[in-house]
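Working notes, beginning with the structure itself.
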Amino acid sequence: MQINNDFSIPRTVTRLDATREQIDSAIDLFDRNHIVAAITLAASAEHVLSDMSKFSGIPTFFKQFEKDFDSIHRRHGGSKSFYAWRQEIYDWLRHADRQPGQSQEISSDEAFMLIMAAITTYLGLGGLKTVAMETFYGNWQRCGTVSL
């Protein structure tokens, strides 16, 4: 796929195209330790993909691995289900209408889980794995963190 870098010419994208771009950008940001931005993009992509999966009947990554994610999240001090945390952090990063001065604890573990969830649901919906996604999987498989 050739990327159109001429901003004066509009391009048409599908939701799957948009989430692919968000995921690849989240991976790039994660690799550069920009965790907040990585979480924002990964959560946005995962949220859209989750909505799309409801229409297709394909279970989301969170539904398939909910207990595993909850266990990992709670082991790192989370008191809520990971899905509930994802929604809370996604809303916190997008809105400041409640408690605008509030701070939030964020870690690379949550960013990693959101990126993995987005990639897995994206692939389940028929998206094509990109080089960035393949590299992300490969790096984590070499560490023994994840096997797919």
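In the structure tokens, chains take letters A, B, ... by order of appearance, with residues numbered from 1 within each chain and ligands from 1 in the order shown.
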Enumerate, in order of chain and increasing residue number, the residues of range 2-55 of chain A with an atom no farther than 9 Å from range 99-106 of chain A, each with its shortest atom pair and distance in Å to one decimal, counting only C-alpha atoms, as a tab-separated table.
residue	atom	partner	partner_atom	distance
A:Ile35	CA	A:Ile106	CA	7.8
A:Val36	CA	A:Ile106	CA	7.3
A:Ile39	CA	A:Ile106	CA	8.8
Exercise. For range 22-34 of chain A, work out the shell of residues within 7 Å, counting only C-alpha atoms and skipping chain neighbours fewer than 2 positions away, then give it as a ChimeraX atom specification.
Key: /A:18-20,36-38,41-42,45,115,118-119,132-133
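Of the residues in range 81-120 of chain A, those that DSSP places in helix (DSSP H, G or I) on the basis of the backbone are Phe82, Tyr83, Ala84, Trp85, Arg86, Gln87, Glu88, Ile89, Tyr90, Asp91, Trp92, Leu93, Arg94, Ser108, Asp109, Glu110, Ala111, Phe112, Met113, Leu114, Ile115, Met116, Ala117, Ala118, Ile119 and Thr120 of chain A.
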File of the preceding selection, N, CA and C atoms, as a compact mmCIF listing (two decimals), in the first residue's frame:
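Below you can see out29.txt, which holds the result:
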# COMPACT_ATOMS: atom_id res chain seq x y z
N PHE A 82 -9.22 -5.65 33.75
CA PHE A 82 -8.44 -4.91 32.76
C PHE A 82 -9.36 -4.19 31.79
N TYR A 83 -10.47 -4.81 31.41
CA TYR A 83 -11.42 -4.18 30.50
C TYR A 83 -11.96 -2.88 31.11
N ALA A 84 -12.31 -2.92 32.41
CA ALA A 84 -12.80 -1.71 33.08
C ALA A 84 -11.71 -0.65 33.14
N TRP A 85 -10.47 -1.07 33.41
CA TRP A 85 -9.35 -0.13 33.44
C TRP A 85 -9.16 0.50 32.07
N ARG A 86 -9.24 -0.35 31.00
CA ARG A 86 -9.06 0.17 29.64
C ARG A 86 -10.06 1.27 29.35
N GLN A 87 -11.31 1.04 29.73
CA GLN A 87 -12.33 2.06 29.47
C GLN A 87 -12.07 3.31 30.29
N GLU A 88 -11.66 3.14 31.54
CA GLU A 88 -11.39 4.28 32.41
C GLU A 88 -10.21 5.11 31.90
N ILE A 89 -9.12 4.44 31.54
CA ILE A 89 -7.94 5.18 31.07
C ILE A 89 -8.21 5.82 29.71
N TYR A 90 -8.95 5.13 28.86
CA TYR A 90 -9.31 5.68 27.55
C TYR A 90 -10.12 6.96 27.74
N ASP A 91 -11.12 6.93 28.62
CA ASP A 91 -11.92 8.13 28.89
C ASP A 91 -11.08 9.23 29.54
N TRP A 92 -10.20 8.84 30.48
CA TRP A 92 -9.36 9.82 31.18
C TRP A 92 -8.46 10.55 30.19
N LEU A 93 -7.91 9.83 29.22
CA LEU A 93 -7.01 10.44 28.24
C LEU A 93 -7.74 11.31 27.22
N ARG A 94 -9.04 11.09 27.05
CA ARG A 94 -9.80 11.86 26.05
C ARG A 94 -10.58 13.02 26.63
N SER A 108 4.02 0.71 31.11
CA SER A 108 4.23 0.10 29.80
C SER A 108 3.53 -1.26 29.70
N ASP A 109 3.28 -1.92 30.84
CA ASP A 109 2.56 -3.20 30.81
C ASP A 109 1.16 -3.03 30.23
N GLU A 110 0.47 -1.99 30.67
CA GLU A 110 -0.87 -1.75 30.16
C GLU A 110 -0.82 -1.37 28.67
N ALA A 111 0.17 -0.59 28.28
CA ALA A 111 0.31 -0.24 26.87
C ALA A 111 0.55 -1.49 26.04
N PHE A 112 1.41 -2.36 26.54
CA PHE A 112 1.69 -3.62 25.84
C PHE A 112 0.40 -4.43 25.68
N MET A 113 -0.38 -4.57 26.74
CA MET A 113 -1.60 -5.38 26.68
C MET A 113 -2.63 -4.77 25.72
N LEU A 114 -2.73 -3.44 25.72
CA LEU A 114 -3.67 -2.79 24.80
C LEU A 114 -3.24 -2.97 23.35
N ILE A 115 -1.94 -2.86 23.08
CA ILE A 115 -1.45 -3.06 21.72
C ILE A 115 -1.70 -4.50 21.29
N MET A 116 -1.41 -5.46 22.16
CA MET A 116 -1.64 -6.87 21.83
C MET A 116 -3.13 -7.12 21.58
N ALA A 117 -3.99 -6.54 22.40
CA ALA A 117 -5.43 -6.71 22.22
C ALA A 117 -5.87 -6.13 20.88
N ALA A 118 -5.37 -4.94 20.55
CA ALA A 118 -5.75 -4.31 19.28
C ALA A 118 -5.26 -5.14 18.09
N ILE A 119 -4.01 -5.59 18.14
CA ILE A 119 -3.46 -6.39 17.04
C ILE A 119 -4.28 -7.66 16.85
N THR A 120 -4.53 -8.37 17.94
CA THR A 120 -5.22 -9.65 17.84
C THR A 120 -6.63 -9.50 17.30
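Using only C-alpha atoms, the residues found no farther than 7 Å from Thr121 in chain A, other than those of its own chain fewer than 4 positions away, are Leu49, Thr60, Phe61, Ala117 and Leu125 of chain A.
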Quiz item: Just how far from CA of Gly126 in chain A is CA of Gly138 in chain A, in Å to one decimal?
Solution: 20.0 Å
Quiz item: Interatomic distance between CA of Thr14 in chain A and CA of Phe136 in chain A?
Solution: 23.3 Å
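A straight line drawn from CA of Phe55 in chain A to CA of Asp17 in chain A is 17.2 Å long.
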